Amino acid sequence: MHHRHQSYLRPHRRRWGLTQQELAFLIGVKSRTAISRIEGLKRKPSLNAALICTMIFDIPALELFPGLLSELRQAILARANELYDDLQGDSSKAARLKLDFLEQLMERVNAKHSASTI
Amino acid sequence: MRMLRRYALVLSVYLNTRGFAFIVFEGHLSPFDWGIRETRGPKKNNTCLIRITKIFDRYAPDALVIQDTSDSGTERAPRIRNLNSSLVKLARHRGIPVFAYSRDRVRRAFESYGCPNKESLAELIAKHIPAFEQYVPPPRRLWMSEDRRMGLFDAAALALVFFQTLTSQM
């Protein structure tokens, strides 16, 4: 799936003829300003808002907020790399288990990242 | 044209007497943003150009699709022809390729789908692009002027001709 934009909330909202005010009501926020800011990439959606949006439009978060997901992936990769480096040199069984897990995690995150940008 | 990617961002603009309608497509049949902008007053062209420039700034499209209003294209009012050439200049200044199709070219492209008029063309487009279903205007009577929403379908038709041409050249 190719994503050029950071957020696809606006086209999905407009596809169903919903106003920002109506979507704000469905999400449970007071004003439409929050929606406007999320659509204009001035604010990241809260966890609640993101989950509710995926439920409202029946679309996975990756397709609705690809920019946010991509940002999270980068952050996970950076932190996983850091932890991986910190664990190097530790020969304990627990450390080896963690290193294996981190390798799998990085592989998984990288694979999903390349699949989402093809 | 072959340089354009499958998911290129294509801005289609249709100018009319009231202002303009635009659609930003991200690939075939996938509209990302759309709108109908009406302007009034003596500086209609200036206002339209400012608004279209804002759309250019926001989306940085890979291609611009407009109506061909040259001598060999569709005959339109001098104001619209002037605005169209300003659009071409704006796009060229930003290095955006411009594709223009005449009314006859659009009509020919949709002939095989059995669309004798704009009304049926609007219905056909709405069938393929569900986001536009809500904008299909009611049937036009003899005494009625054209519905403002029809501009959106004119813009969509231009973009679809562009995508059709792109597909046939691949």
# chains A, B, ... in the order shown; residues from 1 in each chain; ligands from 1
call {"tool": "residues_around", "arguments": {"residues": "A:Val29", "least_positions_apart": "5", "cutoff": "12 Å", "atoms": "only C-alpha atoms", "output": "VMD selection string"}}
result
chain A and resid 20 to 24 34 to 36 45 to 46 48 to 49 52
call {"tool": "write_last_selection", "arguments": {"atoms": "N, CA and C atoms", "output": "PDB file, in the first residue's frame"}}
result
ATOM      1  N   GLN A  20     -16.546  18.421  10.218  1.00  0.00           N
ATOM      2  CA  GLN A  20     -15.553  18.271  11.285  1.00  0.00           C
ATOM      3  C   GLN A  20     -16.255  18.231  12.642  1.00  0.00           C
ATOM      4  N   GLN A  21     -17.316  19.014  12.772  1.00  0.00           N
ATOM      5  CA  GLN A  21     -18.084  19.069  14.020  1.00  0.00           C
ATOM      6  C   GLN A  21     -18.712  17.706  14.327  1.00  0.00           C
ATOM      7  N   GLU A  22     -19.260  17.089  13.283  1.00  0.00           N
ATOM      8  CA  GLU A  22     -19.899  15.782  13.473  1.00  0.00           C
ATOM      9  C   GLU A  22     -18.881  14.704  13.838  1.00  0.00           C
ATOM     10  N   LEU A  23     -17.716  14.763  13.178  1.00  0.00           N
ATOM     11  CA  LEU A  23     -16.683  13.779  13.498  1.00  0.00           C
ATOM     12  C   LEU A  23     -16.170  14.003  14.926  1.00  0.00           C
ATOM     13  N   ALA A  24     -16.035  15.275  15.293  1.00  0.00           N
ATOM     14  CA  ALA A  24     -15.601  15.598  16.658  1.00  0.00           C
ATOM     15  C   ALA A  24     -16.591  15.002  17.655  1.00  0.00           C
ATOM     16  N   ALA A  34     -10.166  20.391  17.075  1.00  0.00           N
ATOM     17  CA  ALA A  34      -9.284  19.228  17.265  1.00  0.00           C
ATOM     18  C   ALA A  34      -9.160  18.459  15.951  1.00  0.00           C
ATOM     19  N   ILE A  35     -10.294  18.281  15.259  1.00  0.00           N
ATOM     20  CA  ILE A  35     -10.287  17.544  13.987  1.00  0.00           C
ATOM     21  C   ILE A  35      -9.490  18.330  12.949  1.00  0.00           C
ATOM     22  N   SER A  36      -9.744  19.629  12.930  1.00  0.00           N
ATOM     23  CA  SER A  36      -9.032  20.480  11.974  1.00  0.00           C
ATOM     24  C   SER A  36      -7.523  20.373  12.186  1.00  0.00           C
ATOM     25  N   PRO A  45      -3.172  12.656  16.596  1.00  0.00           N
ATOM     26  CA  PRO A  45      -4.395  12.192  17.246  1.00  0.00           C
ATOM     27  C   PRO A  45      -4.053  11.460  18.545  1.00  0.00           C
ATOM     28  N   SER A  46      -4.916  11.619  19.537  1.00  0.00           N
ATOM     29  CA  SER A  46      -4.698  10.879  20.782  1.00  0.00           C
ATOM     30  C   SER A  46      -4.957   9.403  20.502  1.00  0.00           C
ATOM     31  N   ASN A  48      -7.073   7.477  21.910  1.00  0.00           N
ATOM     32  CA  ASN A  48      -8.529   7.302  21.820  1.00  0.00           C
ATOM     33  C   ASN A  48      -9.048   7.719  20.461  1.00  0.00           C
ATOM     34  N   ALA A  49      -8.650   8.917  20.029  1.00  0.00           N
ATOM     35  CA  ALA A  49      -9.132   9.450  18.755  1.00  0.00           C
ATOM     36  C   ALA A  49      -8.719   8.551  17.595  1.00  0.00           C
ATOM     37  N   ILE A  52     -10.767   5.308  17.731  1.00  0.00           N
ATOM     38  CA  ILE A  52     -12.168   5.553  17.372  1.00  0.00           C
ATOM     39  C   ILE A  52     -12.284   5.784  15.858  1.00  0.00           C
TER      40      ILE A  52
END
call {"tool": "closest_atom_pairs", "arguments": {"of": "chain A", "to": "chain B", "cutoff": "7 Å", "atoms": "only C-alpha atoms", "output": "JSON lines"}}
result
{"residue": "A:Pro11", "atom": "CA", "partner": "B:Phe32", "partner_atom": "CA", "distance": 5.4}
{"residue": "A:Arg15", "atom": "CA", "partner": "B:Ala131", "partner_atom": "CA", "distance": 4.3}
{"residue": "A:Trp16", "atom": "CA", "partner": "B:Ala131", "partner_atom": "CA", "distance": 6.9}
call {"tool": "write_last_selection", "arguments": {"atoms": "C-alpha atoms", "output": "mmCIF file, in the first residue's frame"}}
result
data_model
loop_
_atom_site.group_PDB
_atom_site.id
_atom_site.type_symbol
_atom_site.label_atom_id
_atom_site.label_comp_id
_atom_site.auth_asym_id
_atom_site.auth_seq_id
_atom_site.Cartn_x
_atom_site.Cartn_y
_atom_site.Cartn_z
ATOM 1 C CA PRO A 11 -10.778 12.320 2.520
ATOM 2 C CA ARG A 15 -16.297 10.680 1.570
ATOM 3 C CA TRP A 16 -19.183 10.151 4.002
#
call {"tool": "atom_distance", "arguments": {"atom1": "atom CA of B:Val10", "atom2": "atom CA of B:Ile50"}}
result
18.8 Å
call {"tool": "residues_around", "arguments": {"residues": "stretch 97-102 of chain A", "least_positions_apart": "4", "cutoff": "9 Å", "atoms": "only C-alpha atoms", "output": "list in words"}}
result
Ala80, Asn81, Leu83, Tyr84, Leu87, Gln88, Ser92, Lys93, Met106 and Glu107 of chain A
call {"tool": "select_by_dssp", "arguments": {"residues": "stretch 23-164 of chain B", "states": "strand (DSSP E)", "output": "list in words"}}
result
Ile23, Val24, Phe25, Glu26, Pro31, Phe32, Asp33, Trp34, Gly35, Ile36, Arg37, Glu38, Ala63, Leu64, Val65, Ile66, Gln67, Val98, Phe99, Ala100 and Tyr101 of chain B
call {"tool": "closest_residue", "arguments": {"among": "B:Pro61, B:Thr17, B:Phe22, B:Arg79", "to": "B:Ala157", "atoms": "only C-alpha atoms"}}
result
B:Phe22
call {"tool": "select_by_dssp", "arguments": {"residues": "stretch 19-77 of chain B", "states": "alpha helix (DSSP H)", "output": "PyMOL selection string"}}
result
chain B and resi 44-59
call {"tool": "write_last_selection", "arguments": {"atoms": "N, CA and C atoms", "output": "PDB file, in the first residue's frame"}}
result
ATOM      1  N   LYS B  44     -12.243  38.627 -10.239  1.00  0.00           N
ATOM      2  CA  LYS B  44     -12.514  37.191 -10.150  1.00  0.00           C
ATOM      3  C   LYS B  44     -11.265  36.356 -10.462  1.00  0.00           C
ATOM      4  N   ASN B  45     -10.591  36.712 -11.545  1.00  0.00           N
ATOM      5  CA  ASN B  45      -9.427  35.928 -11.961  1.00  0.00           C
ATOM      6  C   ASN B  45      -8.319  35.955 -10.919  1.00  0.00           C
ATOM      7  N   ASN B  46      -8.107  37.140 -10.352  1.00  0.00           N
ATOM      8  CA  ASN B  46      -7.064  37.270  -9.331  1.00  0.00           C
ATOM      9  C   ASN B  46      -7.368  36.395  -8.135  1.00  0.00           C
ATOM     10  N   THR B  47      -8.626  36.486  -7.682  1.00  0.00           N
ATOM     11  CA  THR B  47      -9.035  35.698  -6.514  1.00  0.00           C
ATOM     12  C   THR B  47      -8.891  34.207  -6.802  1.00  0.00           C
ATOM     13  N   CYS B  48      -9.336  33.800  -7.981  1.00  0.00           N
ATOM     14  CA  CYS B  48      -9.240  32.381  -8.349  1.00  0.00           C
ATOM     15  C   CYS B  48      -7.778  31.946  -8.362  1.00  0.00           C
ATOM     16  N   LEU B  49      -6.938  32.767  -8.960  1.00  0.00           N
ATOM     17  CA  LEU B  49      -5.517  32.414  -9.077  1.00  0.00           C
ATOM     18  C   LEU B  49      -4.858  32.296  -7.703  1.00  0.00           C
ATOM     19  N   ILE B  50      -5.231  33.197  -6.802  1.00  0.00           N
ATOM     20  CA  ILE B  50      -4.675  33.140  -5.439  1.00  0.00           C
ATOM     21  C   ILE B  50      -5.092  31.828  -4.767  1.00  0.00           C
ATOM     22  N   ARG B  51      -6.366  31.488  -4.950  1.00  0.00           N
ATOM     23  CA  ARG B  51      -6.874  30.261  -4.307  1.00  0.00           C
ATOM     24  C   ARG B  51      -6.231  29.012  -4.911  1.00  0.00           C
ATOM     25  N   ILE B  52      -6.045  29.030  -6.226  1.00  0.00           N
ATOM     26  CA  ILE B  52      -5.424  27.861  -6.870  1.00  0.00           C
ATOM     27  C   ILE B  52      -3.946  27.769  -6.463  1.00  0.00           C
ATOM     28  N   THR B  53      -3.303  28.921  -6.318  1.00  0.00           N
ATOM     29  CA  THR B  53      -1.897  28.930  -5.867  1.00  0.00           C
ATOM     30  C   THR B  53      -1.785  28.275  -4.492  1.00  0.00           C
ATOM     31  N   LYS B  54      -2.780  28.552  -3.628  1.00  0.00           N
ATOM     32  CA  LYS B  54      -2.770  27.951  -2.284  1.00  0.00           C
ATOM     33  C   LYS B  54      -2.867  26.427  -2.378  1.00  0.00           C
ATOM     34  N   ILE B  55      -3.671  25.955  -3.327  1.00  0.00           N
ATOM     35  CA  ILE B  55      -3.815  24.500  -3.514  1.00  0.00           C
ATOM     36  C   ILE B  55      -2.471  23.918  -3.997  1.00  0.00           C
ATOM     37  N   PHE B  56      -1.821  24.635  -4.893  1.00  0.00           N
ATOM     38  CA  PHE B  56      -0.492  24.221  -5.383  1.00  0.00           C
ATOM     39  C   PHE B  56       0.482  24.132  -4.208  1.00  0.00           C
ATOM     40  N   ASP B  57       0.439  25.172  -3.347  1.00  0.00           N
ATOM     41  CA  ASP B  57       1.359  25.215  -2.197  1.00  0.00           C
ATOM     42  C   ASP B  57       1.106  24.050  -1.255  1.00  0.00           C
ATOM     43  N   ARG B  58      -0.176  23.765  -1.023  1.00  0.00           N
ATOM     44  CA  ARG B  58      -0.527  22.740  -0.043  1.00  0.00           C
ATOM     45  C   ARG B  58      -0.165  21.341  -0.523  1.00  0.00           C
ATOM     46  N   TYR B  59      -0.422  21.068  -1.809  1.00  0.00           N
ATOM     47  CA  TYR B  59      -0.273  19.689  -2.267  1.00  0.00           C
ATOM     48  C   TYR B  59       0.949  19.430  -3.155  1.00  0.00           C
TER      49      TYR B  59
END
call {"tool": "residues_around", "arguments": {"residues": "A:Arg10", "least_positions_apart": "2", "cutoff": "8 Å", "atoms": "only C-alpha atoms", "output": "PDB file with C-alpha atoms, in the first residue's frame"}}
result
ATOM      1  CA  SER A   7      -3.092  11.443   7.281  1.00  0.00           C
ATOM      2  CA  TYR A   8      -6.086  10.253   5.281  1.00  0.00           C
ATOM      3  CA  HIS A  12     -12.441   9.573   4.548  1.00  0.00           C
ATOM      4  CA  ARG A  13     -14.488  12.057   6.552  1.00  0.00           C
ATOM      5  CA  ARG A  14     -15.567  13.913   3.426  1.00  0.00           C
ATOM      6  CA  GLU A  39      -6.270  16.897   9.537  1.00  0.00           C
TER       7      GLU A  39
ATOM      8  CA  PHE B  32      -7.639  13.000  -1.804  1.00  0.00           C
ATOM      9  CA  ASP B  33      -9.183  16.458  -1.689  1.00  0.00           C
TER      10      ASP B  33
END
call {"tool": "closest_residue", "arguments": {"among": "B:Gly114, B:Ile80, B:Lys127, B:Gly73", "to": "B:Arg18", "atoms": "only C-alpha atoms"}}
result
B:Ile80
call {"tool": "residues_around", "arguments": {"residues": "stretch 62-74 of chain A", "least_positions_apart": "4", "cutoff": "8 Å", "atoms": "only C-alpha atoms", "output": "PDB file with N, CA and C atoms, in the first residue's frame"}}
result
ATOM      1  N   HIS A   3       1.460   5.245   0.499  1.00  0.00           N
ATOM      2  CA  HIS A   3       0.892   6.405   1.183  1.00  0.00           C
ATOM      3  C   HIS A   3       1.765   7.608   0.934  1.00  0.00           C
ATOM      4  N   HIS A   5       0.513  10.795   1.763  1.00  0.00           N
ATOM      5  CA  HIS A   5       0.151  11.784   2.773  1.00  0.00           C
ATOM      6  C   HIS A   5       0.321  11.226   4.173  1.00  0.00           C
ATOM      7  N   GLN A   6       0.411  12.142   5.132  1.00  0.00           N
ATOM      8  CA  GLN A   6       0.602  11.759   6.528  1.00  0.00           C
ATOM      9  C   GLN A   6      -0.697  11.233   7.132  1.00  0.00           C
ATOM     10  N   SER A   7      -1.808  11.837   6.712  1.00  0.00           N
ATOM     11  CA  SER A   7      -3.092  11.443   7.281  1.00  0.00           C
ATOM     12  C   SER A   7      -4.172  11.399   6.193  1.00  0.00           C
ATOM     13  N   TYR A   8      -5.003  10.383   6.255  1.00  0.00           N
ATOM     14  CA  TYR A   8      -6.086  10.253   5.281  1.00  0.00           C
ATOM     15  C   TYR A   8      -7.445  10.447   5.956  1.00  0.00           C
ATOM     16  N   LEU A   9      -7.421  11.155   7.072  1.00  0.00           N
ATOM     17  CA  LEU A   9      -8.662  11.365   7.812  1.00  0.00           C
ATOM     18  C   LEU A   9      -9.631  12.255   7.015  1.00  0.00           C
ATOM     19  N   LYS A  44      -1.072  15.541  16.718  1.00  0.00           N
ATOM     20  CA  LYS A  44      -1.196  14.092  16.516  1.00  0.00           C
ATOM     21  C   LYS A  44      -2.483  13.630  17.172  1.00  0.00           C
ATOM     22  N   THR A  54     -10.380   4.601  13.501  1.00  0.00           N
ATOM     23  CA  THR A  54     -10.241   3.334  12.770  1.00  0.00           C
ATOM     24  C   THR A  54     -11.543   2.529  12.857  1.00  0.00           C
ATOM     25  N   ALA A  78      14.832   3.042  16.396  1.00  0.00           N
ATOM     26  CA  ALA A  78      15.952   3.744  17.035  1.00  0.00           C
ATOM     27  C   ALA A  78      16.166   3.228  18.452  1.00  0.00           C
ATOM     28  N   VAL A 109       9.641  -4.793  12.014  1.00  0.00           N
ATOM     29  CA  VAL A 109       9.315  -3.376  11.811  1.00  0.00           C
ATOM     30  C   VAL A 109       9.815  -2.906  10.442  1.00  0.00           C
ATOM     31  N   HIS A 113       7.600  -1.640   7.282  1.00  0.00           N
ATOM     32  CA  HIS A 113       7.855  -0.295   6.748  1.00  0.00           C
ATOM     33  C   HIS A 113       7.996  -0.355   5.232  1.00  0.00           C
TER      34      HIS A 113
END
call {"tool": "atom_distance", "arguments": {"atom1": "atom CA of B:Asn16", "atom2": "atom CA of B:Val106"}}
result
16.2 Å
call {"tool": "atom_distance", "arguments": {"atom1": "atom CA of B:Val88", "atom2": "atom CA of B:Glu75"}}
result
16.9 Å
call {"tool": "closest_residue", "arguments": {"among": "B:Leu142, B:Leu15, B:Ala100, B:Ile36", "to": "B:Ala159", "atoms": "only C-alpha atoms"}}
result
B:Ala100
call {"tool": "residues_around", "arguments": {"residues": "B:Pro139", "least_positions_apart": "5", "cutoff": "10 Å", "atoms": "only C-alpha atoms", "output": "ChimeraX atom specification"}}
result
/B:119-120,144,146-147
call {"tool": "write_last_selection", "arguments": {"atoms": "N, CA and C atoms", "output": "PDB file, in the first residue's frame"}}
result
ATOM      1  N   GLU B 119     -24.984  15.084 -17.427  1.00  0.00           N
ATOM      2  CA  GLU B 119     -25.735  14.478 -16.321  1.00  0.00           C
ATOM      3  C   GLU B 119     -25.386  12.990 -16.174  1.00  0.00           C
ATOM      4  N   SER B 120     -25.413  12.290 -17.313  1.00  0.00           N
ATOM      5  CA  SER B 120     -25.102  10.856 -17.254  1.00  0.00           C
ATOM      6  C   SER B 120     -23.620  10.639 -16.946  1.00  0.00           C
ATOM      7  N   MET B 144     -33.581  25.894 -15.703  1.00  0.00           N
ATOM      8  CA  MET B 144     -32.561  25.945 -14.637  1.00  0.00           C
ATOM      9  C   MET B 144     -31.171  26.200 -15.218  1.00  0.00           C
ATOM     10  N   GLU B 146     -26.977  25.752 -14.839  1.00  0.00           N
ATOM     11  CA  GLU B 146     -26.220  24.560 -14.438  1.00  0.00           C
ATOM     12  C   GLU B 146     -25.908  24.587 -12.942  1.00  0.00           C
ATOM     13  N   ASP B 147     -26.059  23.450 -12.334  1.00  0.00           N
ATOM     14  CA  ASP B 147     -25.790  23.326 -10.903  1.00  0.00           C
ATOM     15  C   ASP B 147     -24.299  23.553 -10.637  1.00  0.00           C
TER      16      ASP B 147
END
call {"tool": "closest_residue", "arguments": {"among": "A:Arg4, A:Thr19, A:Ile27, A:Asp85", "to": "A:Ile56", "atoms": "only C-alpha atoms"}}
result
A:Ile27
